[in-house]
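To keep things clear, I will list the structure first and then write my remarks on it.
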Amino acid sequence: WEATYVLELPKQSEELRFGNSRTHGRIKWAVNKATRLGLRVRPAETEDELRAWYKLYLDTMRYHAVPPRPYRFFKVCWELLQPQGLMRLLLAEQHEAGRSRLLAGSIFLMFGQTVFYAFNGRRREELSLRPNDIIQWQAIHDACKEGFRHYDFGEVAERHEGLVEFKSKWGPEPRRLHRYYYPAPRELESGLLAPGSRTRQFADAVWRLLP
């Protein structure tokens with residue numbers, strides 16, 4: 001199956017290092033830039049905030065031409081997992097002139113000694129403000145301080161080079177996942193729909209126009 005990217009966490013958050021010194025410096029520069037531009041990260045506190053995030057999630061999934069999970073899935077997670085500390089939604093907001101504006105948000109799931117980066121929604125036109133970087137920075141440091149030993153960035157298809165680059169820059173190790181099927185499934189992805197094919201590009205473009 002796909003590879004997942006797992007970062008081993010040190011016992012002290014002060015010992016966190018992301019990749020080599022150059023990569024760590026670039027990430028820290030991005031986080032400092034976001035902070036200078038008024039971005040702050042905080043956990044969501046109400047279902048209204050979850051619903052506001054869900055709109056960003058829908059737009060993100062449409063851009064990537066991926067079917068989204070229904071809102072009822074996240075609502076049930078919020079009601080059952082969040083009170084037990086097994087789910088967290090971190091929001092990146094920009095504060096200017098006494099107002100706050102939601103730019104991005106990510107859902108994290110916790111189990112055992114691992115924090116899983118699960119879902120993301122963001123305003124694509126605001127990515128230059130680095131909201132996803134500041135969210136990951138906060139989430140990883142929180143996981144370390146709370147005693148977790150592993151931070152799982154989640155699986156990603158190898159063809160999604162941008163997503164692979166974003167996750168790899170934090171210094172995780174790729175680990176191959178496996179799936180077992182019985183009976184064996186038929187091959188669903190024909191050559192016509194292969195990544196990079198004209199048919200796939202056309203299908204993605206049409207998907208982004210759907211409601």
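Each chain in the structure tokens gets a letter, A, B and so on, in the order shown; residues start at 1 in every chain, and ligands are counted from 1 in the order they appear.
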Any chance you could tabulate, as CSV, the residues of range 11-42 of chain A at most 9 Å from range 119-133 of chain A with each one's nearest atom pair and distance in Å to one decimal, using only C-alpha atoms, in chain and rising number order?
```
residue,atom,partner,partner_atom,distance
A:Ile27,CA,A:Asp133,CA,7.3
A:Lys28,CA,A:Asp133,CA,9.0
A:Ala30,CA,A:Arg130,CA,6.3
A:Val31,CA,A:Asp133,CA,6.2
A:Lys33,CA,A:Leu129,CA,7.4
A:Ala34,CA,A:Leu129,CA,5.6
A:Leu37,CA,A:Leu129,CA,7.3
A:Leu39,CA,A:Pro131,CA,7.3
A:Arg40,CA,A:Pro131,CA,8.8
A:Val41,CA,A:Pro131,CA,8.7
```
Output of the above residues as a short mmCIF file (atom, residue, chain, number, x, y, z; two decimals), in the first residue's frame, restricted to N, CA, C and O atoms:
```cif
data_model
loop_
_atom_site.label_atom_id
_atom_site.label_comp_id
_atom_site.auth_asym_id
_atom_site.auth_seq_id
_atom_site.Cartn_x
_atom_site.Cartn_y
_atom_site.Cartn_z
N ILE A 27 11.99 25.69 8.34
CA ILE A 27 10.70 25.49 9.01
C ILE A 27 10.52 26.54 10.11
O ILE A 27 9.44 27.14 10.24
N LYS A 28 11.55 26.77 10.87
CA LYS A 28 11.45 27.76 11.94
C LYS A 28 11.22 29.15 11.37
O LYS A 28 10.46 29.95 11.93
N ALA A 30 9.56 29.78 8.60
CA ALA A 30 8.16 29.81 8.18
C ALA A 30 7.23 30.04 9.37
O ALA A 30 6.27 30.81 9.29
N VAL A 31 7.53 29.39 10.49
CA VAL A 31 6.70 29.55 11.69
C VAL A 31 6.82 30.97 12.23
O VAL A 31 5.82 31.59 12.62
N LYS A 33 7.53 33.61 10.48
CA LYS A 33 6.83 34.47 9.54
C LYS A 33 5.34 34.47 9.83
O LYS A 33 4.71 35.54 9.86
N ALA A 34 4.77 33.29 10.03
CA ALA A 34 3.35 33.20 10.35
C ALA A 34 3.02 33.96 11.62
O ALA A 34 2.01 34.67 11.70
N LEU A 37 2.92 37.66 11.11
CA LEU A 37 1.75 38.07 10.34
C LEU A 37 0.45 37.91 11.13
O LEU A 37 -0.64 38.05 10.57
N LEU A 39 -0.64 35.15 12.94
CA LEU A 39 -1.26 33.84 13.04
C LEU A 39 -1.07 33.24 14.42
O LEU A 39 0.02 33.33 15.01
N ARG A 40 -2.12 32.64 14.91
CA ARG A 40 -2.10 31.97 16.20
C ARG A 40 -2.78 30.62 16.05
O ARG A 40 -3.71 30.47 15.26
N VAL A 41 -2.34 29.64 16.83
CA VAL A 41 -2.92 28.29 16.79
C VAL A 41 -3.58 28.00 18.13
O VAL A 41 -2.99 28.25 19.18
#
```
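Between CA of Ser13 in chain A and CA of Leu91 in chain A the interatomic distance comes to 20.9 Å.
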Residues of chain A in alpha helix (DSSP H), written as a PyMOL selection string: chain A and resi 21-36+47-63+71-80+131-145+161-168+198-207
field: Residues within 6 Å of Leu86 in chain A, only C-alpha atoms, excluding chain neighbours under 2 positions, as a ChimeraX atom specification
entry: /A:81-82,84,109-110
Produce a file of the selected residues containing all heavy atoms, as a PDB file, in the first residue's frame.
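Heads up, here's the output in out21.pdb:
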```pdb
ATOM      1  N   LEU A  81     -14.917  11.158  20.735  1.00  0.00           N
ATOM      2  CA  LEU A  81     -13.471  11.081  20.926  1.00  0.00           C
ATOM      3  C   LEU A  81     -12.883  12.316  21.598  1.00  0.00           C
ATOM      4  O   LEU A  81     -11.993  12.204  22.440  1.00  0.00           O
ATOM      5  CB  LEU A  81     -12.772  10.847  19.588  1.00  0.00           C
ATOM      6  CG  LEU A  81     -13.158   9.585  18.818  1.00  0.00           C
ATOM      7  CD1 LEU A  81     -12.361   9.486  17.526  1.00  0.00           C
ATOM      8  CD2 LEU A  81     -12.963   8.353  19.674  1.00  0.00           C
ATOM      9  N   GLN A  82     -13.368  13.489  21.207  1.00  0.00           N
ATOM     10  CA  GLN A  82     -12.782  14.730  21.724  1.00  0.00           C
ATOM     11  C   GLN A  82     -12.875  14.834  23.252  1.00  0.00           C
ATOM     12  O   GLN A  82     -11.884  15.213  23.899  1.00  0.00           O
ATOM     13  CB  GLN A  82     -13.427  15.933  21.037  1.00  0.00           C
ATOM     14  CG  GLN A  82     -12.723  17.255  21.268  1.00  0.00           C
ATOM     15  CD  GLN A  82     -13.312  18.017  22.449  1.00  0.00           C
ATOM     16  OE1 GLN A  82     -14.380  17.642  22.956  1.00  0.00           O
ATOM     17  NE2 GLN A  82     -12.638  19.062  22.865  1.00  0.00           N
ATOM     18  N   GLN A  84     -12.662  12.546  25.383  1.00  0.00           N
ATOM     19  CA  GLN A  84     -11.740  11.587  25.993  1.00  0.00           C
ATOM     20  C   GLN A  84     -10.281  11.888  25.676  1.00  0.00           C
ATOM     21  O   GLN A  84      -9.392  11.117  26.032  1.00  0.00           O
ATOM     22  CB  GLN A  84     -12.076  10.167  25.505  1.00  0.00           C
ATOM     23  CG  GLN A  84     -13.481   9.725  25.838  1.00  0.00           C
ATOM     24  CD  GLN A  84     -13.719   8.281  25.432  1.00  0.00           C
ATOM     25  OE1 GLN A  84     -12.984   7.375  25.829  1.00  0.00           O
ATOM     26  NE2 GLN A  84     -14.738   8.054  24.642  1.00  0.00           N
ATOM     27  N   LEU A 109      -5.714  12.595  15.761  1.00  0.00           N
ATOM     28  CA  LEU A 109      -6.251  11.505  16.557  1.00  0.00           C
ATOM     29  C   LEU A 109      -5.134  10.943  17.423  1.00  0.00           C
ATOM     30  O   LEU A 109      -3.984  10.860  16.988  1.00  0.00           O
ATOM     31  CB  LEU A 109      -6.822  10.407  15.654  1.00  0.00           C
ATOM     32  CG  LEU A 109      -7.904  10.863  14.669  1.00  0.00           C
ATOM     33  CD1 LEU A 109      -8.305   9.714  13.752  1.00  0.00           C
ATOM     34  CD2 LEU A 109      -9.119  11.418  15.391  1.00  0.00           C
ATOM     35  N   MET A 110      -5.457  10.580  18.643  1.00  0.00           N
ATOM     36  CA  MET A 110      -4.465  10.066  19.586  1.00  0.00           C
ATOM     37  C   MET A 110      -4.835   8.655  20.008  1.00  0.00           C
ATOM     38  O   MET A 110      -6.003   8.373  20.311  1.00  0.00           O
ATOM     39  CB  MET A 110      -4.395  10.947  20.841  1.00  0.00           C
ATOM     40  CG  MET A 110      -3.930  12.371  20.577  1.00  0.00           C
ATOM     41  SD  MET A 110      -5.216  13.440  19.884  1.00  0.00           S
ATOM     42  CE  MET A 110      -4.450  15.036  20.196  1.00  0.00           C
TER      43      MET A 110
END
```
- request: Please give the complete set of residues from range 7-179 of chain A that DSSP, run on the backbone, assigns to strand (DSSP E), formatted as number ranges by chain.
  value: A: 7-8, 39-43, 87-96, 99-111, 114-122, 150-156, 173-176
